[in-house]
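As structure tokens, the structure follows; a few thoughts come after it.
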Amino acid sequence: MLSCLGARVERFDKKYTILAEGNPAKYVGIVLSGSAQVVRIDYYGNRSILSKIDPAELFGEAFACAELPAIPVTVIANEPCEVM
């Protein structure tokens, strides 16, 4: 089933931006190893951590299912991680 959905596994280094604010919301991610953070950066550059994503947790599903033209948050690798 994963191949039918076009699933792929990618590795990201620490501090790598996995999903950037403003990009189309068309992907759902599952953290396989490591961790990531969902952050919001305001007009003045202040960064607010909204959540930490650990292995077996999803991110981006709410935005992808809502078919938003752009996501309002950024997902950053908190440590080296592997994401499907």
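Going through the structure tokens in order, the chains are called A, B, and so on, while each chain numbers its residues from 1 and the ligands are numbered from 1 in the order shown.
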Every residue of chain A that DSSP places in strand (DSSP E or B), as a PyMOL selection string: chain A and resi 10-12+17-19+29-33+36-41+47-53+58-59+74-77+81-83
Mind writing the picked residues with N, CA, C and O atoms as a short mmCIF file (atom, residue, chain, number, x, y, z; two decimals), in the first residue's frame?
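This is the output file result23.cif:
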```cif
data_model
loop_
_atom_site.label_atom_id
_atom_site.label_comp_id
_atom_site.auth_asym_id
_atom_site.auth_seq_id
_atom_site.Cartn_x
_atom_site.Cartn_y
_atom_site.Cartn_z
N GLU A 10 13.20 9.49 3.99
CA GLU A 10 14.31 10.43 3.82
C GLU A 10 14.97 10.68 5.17
O GLU A 10 14.31 10.65 6.20
N ARG A 11 16.27 10.95 5.13
CA ARG A 11 17.03 11.26 6.34
C ARG A 11 17.34 12.75 6.34
O ARG A 11 17.67 13.32 5.31
N PHE A 12 17.24 13.35 7.52
CA PHE A 12 17.50 14.78 7.67
C PHE A 12 18.49 15.00 8.80
O PHE A 12 18.41 14.36 9.84
N THR A 17 15.32 22.03 7.72
CA THR A 17 13.90 22.35 7.59
C THR A 17 13.23 21.29 6.73
O THR A 17 13.49 21.20 5.53
N ILE A 18 12.36 20.51 7.36
CA ILE A 18 11.67 19.42 6.67
C ILE A 18 10.50 19.97 5.86
O ILE A 18 10.32 19.64 4.70
N LEU A 19 9.69 20.81 6.48
CA LEU A 19 8.60 21.52 5.81
C LEU A 19 8.71 22.99 6.18
O LEU A 19 8.87 23.32 7.35
N GLY A 29 3.91 13.44 7.17
CA GLY A 29 5.16 12.79 7.56
C GLY A 29 4.98 11.93 8.79
O GLY A 29 4.17 12.24 9.66
N ILE A 30 5.75 10.85 8.86
CA ILE A 30 5.81 9.99 10.03
C ILE A 30 7.28 9.91 10.43
O ILE A 30 8.12 9.51 9.63
N VAL A 31 7.58 10.32 11.65
CA VAL A 31 8.96 10.25 12.14
C VAL A 31 9.26 8.79 12.49
O VAL A 31 8.56 8.19 13.30
N LEU A 32 10.28 8.24 11.85
CA LEU A 32 10.67 6.86 12.10
C LEU A 32 11.75 6.77 13.17
O LEU A 32 11.77 5.83 13.96
N SER A 33 12.67 7.72 13.17
CA SER A 33 13.71 7.77 14.20
C SER A 33 14.11 9.23 14.39
O SER A 33 13.92 10.06 13.52
N ALA A 36 11.58 15.80 15.70
CA ALA A 36 11.46 17.09 14.99
C ALA A 36 10.60 18.02 15.84
O ALA A 36 9.97 17.59 16.81
N GLN A 37 10.59 19.28 15.48
CA GLN A 37 9.78 20.28 16.17
C GLN A 37 8.92 21.02 15.16
O GLN A 37 9.36 21.32 14.06
N VAL A 38 7.69 21.31 15.58
CA VAL A 38 6.81 22.18 14.80
C VAL A 38 6.96 23.56 15.42
O VAL A 38 6.72 23.73 16.62
N VAL A 39 7.40 24.52 14.63
CA VAL A 39 7.63 25.87 15.15
C VAL A 39 6.86 26.91 14.35
O VAL A 39 6.53 26.72 13.18
N ARG A 40 6.59 28.01 15.00
CA ARG A 40 5.93 29.16 14.37
C ARG A 40 6.86 30.34 14.55
O ARG A 40 7.31 30.62 15.66
N ILE A 41 7.18 31.01 13.47
CA ILE A 41 8.06 32.18 13.52
C ILE A 41 7.22 33.40 13.21
O ILE A 41 6.58 33.48 12.15
N ARG A 47 10.65 32.77 17.64
CA ARG A 47 10.31 31.38 17.35
C ARG A 47 9.58 30.76 18.53
O ARG A 47 10.06 30.79 19.65
N SER A 48 8.42 30.19 18.25
CA SER A 48 7.63 29.50 19.28
C SER A 48 7.55 28.03 18.90
O SER A 48 7.12 27.68 17.80
N ILE A 49 7.96 27.15 19.84
CA ILE A 49 7.86 25.72 19.60
C ILE A 49 6.44 25.29 19.94
O ILE A 49 5.98 25.44 21.07
N LEU A 50 5.73 24.75 18.96
CA LEU A 50 4.34 24.33 19.15
C LEU A 50 4.25 22.88 19.60
O LEU A 50 3.37 22.54 20.39
N SER A 51 5.13 22.02 19.09
CA SER A 51 5.12 20.63 19.52
C SER A 51 6.42 19.95 19.12
O SER A 51 7.15 20.40 18.25
N LYS A 52 6.68 18.83 19.81
CA LYS A 52 7.82 17.97 19.49
C LYS A 52 7.24 16.70 18.91
O LYS A 52 6.26 16.16 19.41
N ILE A 53 7.85 16.21 17.84
CA ILE A 53 7.37 15.01 17.16
C ILE A 53 8.40 13.91 17.38
O ILE A 53 9.55 14.03 16.95
N LEU A 58 2.87 11.52 13.71
CA LEU A 58 2.61 12.17 12.43
C LEU A 58 2.77 13.68 12.51
O LEU A 58 2.61 14.27 13.58
N PHE A 59 3.01 14.29 11.36
CA PHE A 59 2.94 15.74 11.25
C PHE A 59 2.44 16.10 9.86
O PHE A 59 2.61 15.35 8.91
N THR A 74 6.49 25.68 10.48
CA THR A 74 7.70 25.08 9.93
C THR A 74 8.02 23.83 10.76
O THR A 74 7.86 23.84 11.97
N VAL A 75 8.47 22.77 10.10
CA VAL A 75 8.89 21.56 10.80
C VAL A 75 10.40 21.43 10.62
O VAL A 75 10.90 21.42 9.50
N ILE A 76 11.11 21.38 11.75
CA ILE A 76 12.58 21.35 11.75
C ILE A 76 13.07 20.11 12.47
O ILE A 76 12.55 19.77 13.54
N ALA A 77 14.10 19.45 11.92
CA ALA A 77 14.69 18.29 12.58
C ALA A 77 15.37 18.74 13.88
O ALA A 77 16.20 19.64 13.86
N CYS A 81 17.25 12.69 11.93
CA CYS A 81 16.03 11.89 11.95
C CYS A 81 15.73 11.29 10.59
O CYS A 81 16.28 11.69 9.57
N GLU A 82 14.85 10.30 10.63
CA GLU A 82 14.41 9.60 9.44
C GLU A 82 12.89 9.75 9.38
O GLU A 82 12.19 9.50 10.36
N VAL A 83 12.38 10.20 8.23
CA VAL A 83 10.95 10.50 8.08
C VAL A 83 10.42 9.79 6.84
O VAL A 83 11.06 9.77 5.80
#
```
Selection near A:Leu5, 12 Å with only C-alpha atoms, sequence-local residues under 5 positions removed, as a PyMOL selection string: chain A and resi 27-28+84
How would the residues just chosen look if you wrote them out with all heavy atoms as an mmCIF file, in the first residue's frame?
```cif
data_model
loop_
_atom_site.group_PDB
_atom_site.id
_atom_site.type_symbol
_atom_site.label_atom_id
_atom_site.label_comp_id
_atom_site.auth_asym_id
_atom_site.auth_seq_id
_atom_site.Cartn_x
_atom_site.Cartn_y
_atom_site.Cartn_z
ATOM 1 N N TYR A 27 1.858 17.047 1.950
ATOM 2 C CA TYR A 27 2.528 15.864 2.479
ATOM 3 C C TYR A 27 2.162 15.605 3.930
ATOM 4 O O TYR A 27 1.899 16.532 4.689
ATOM 5 C CB TYR A 27 4.056 16.014 2.402
ATOM 6 C CG TYR A 27 4.564 16.205 1.008
ATOM 7 C CD1 TYR A 27 5.075 17.424 0.599
ATOM 8 C CD2 TYR A 27 4.529 15.164 0.091
ATOM 9 C CE1 TYR A 27 5.538 17.608 -0.691
ATOM 10 C CE2 TYR A 27 4.993 15.337 -1.201
ATOM 11 C CZ TYR A 27 5.495 16.555 -1.586
ATOM 12 O OH TYR A 27 5.949 16.727 -2.863
ATOM 13 N N VAL A 28 2.182 14.327 4.290
ATOM 14 C CA VAL A 28 2.051 13.887 5.673
ATOM 15 C C VAL A 28 3.348 13.174 6.001
ATOM 16 O O VAL A 28 3.856 12.398 5.191
ATOM 17 C CB VAL A 28 0.859 12.919 5.834
ATOM 18 C CG1 VAL A 28 0.812 12.341 7.222
ATOM 19 C CG2 VAL A 28 -0.442 13.615 5.481
ATOM 20 N N MET A 84 9.212 9.218 6.973
ATOM 21 C CA MET A 84 8.530 8.637 5.830
ATOM 22 C C MET A 84 7.465 9.611 5.391
ATOM 23 O O MET A 84 6.739 10.150 6.184
ATOM 24 C CB MET A 84 7.858 7.306 6.179
ATOM 25 C CG MET A 84 7.135 6.716 4.983
ATOM 26 S SD MET A 84 6.152 5.230 5.306
ATOM 27 C CE MET A 84 7.176 4.220 6.282
#
```
Shell around A:Leu68 at 10 Å using only C-alpha atoms, local window under 3 positions removed, as a list in words: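 Here the answer would be Gly22, Asn23, Pro24, Ala25, Lys26, Ala62, Phe63, Ala64, Cys65, Ile71 and Pro72 of chain A.
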Nearest to A:Asp13 by atom-to-atom distance, counting only C-alpha atoms, from A:Glu67, A:Glu79, A:Asp54, A:Glu61: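 Using only C-alpha atoms, A:Asp13 sits closest to A:Glu79.
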DSSP alpha helix (DSSP H) selection over stretch 9-74 of chain A, as a VMD selection string: chain A and resid 61 to 65
Same residues, N, CA and C atoms, saved as an mmCIF file, in the first residue's frame:
```cif
data_model
loop_
_atom_site.group_PDB
_atom_site.id
_atom_site.type_symbol
_atom_site.label_atom_id
_atom_site.label_comp_id
_atom_site.auth_asym_id
_atom_site.auth_seq_id
_atom_site.Cartn_x
_atom_site.Cartn_y
_atom_site.Cartn_z
ATOM 1 N N GLU A 61 -0.590 16.207 8.783
ATOM 2 C CA GLU A 61 -1.836 15.570 8.350
ATOM 3 C C GLU A 61 -3.019 16.532 8.356
ATOM 4 N N ALA A 62 -3.097 17.395 9.353
ATOM 5 C CA ALA A 62 -4.223 18.339 9.426
ATOM 6 C C ALA A 62 -4.201 19.312 8.254
ATOM 7 N N PHE A 63 -3.014 19.770 7.893
ATOM 8 C CA PHE A 63 -2.894 20.728 6.793
ATOM 9 C C PHE A 63 -3.127 20.065 5.440
ATOM 10 N N ALA A 64 -2.598 18.852 5.260
ATOM 11 C CA ALA A 64 -2.774 18.141 3.987
ATOM 12 C C ALA A 64 -4.238 17.763 3.774
ATOM 13 N N CYS A 65 -4.911 17.308 4.821
ATOM 14 C CA CYS A 65 -6.319 16.911 4.690
ATOM 15 C C CYS A 65 -7.229 18.114 4.485
#
```
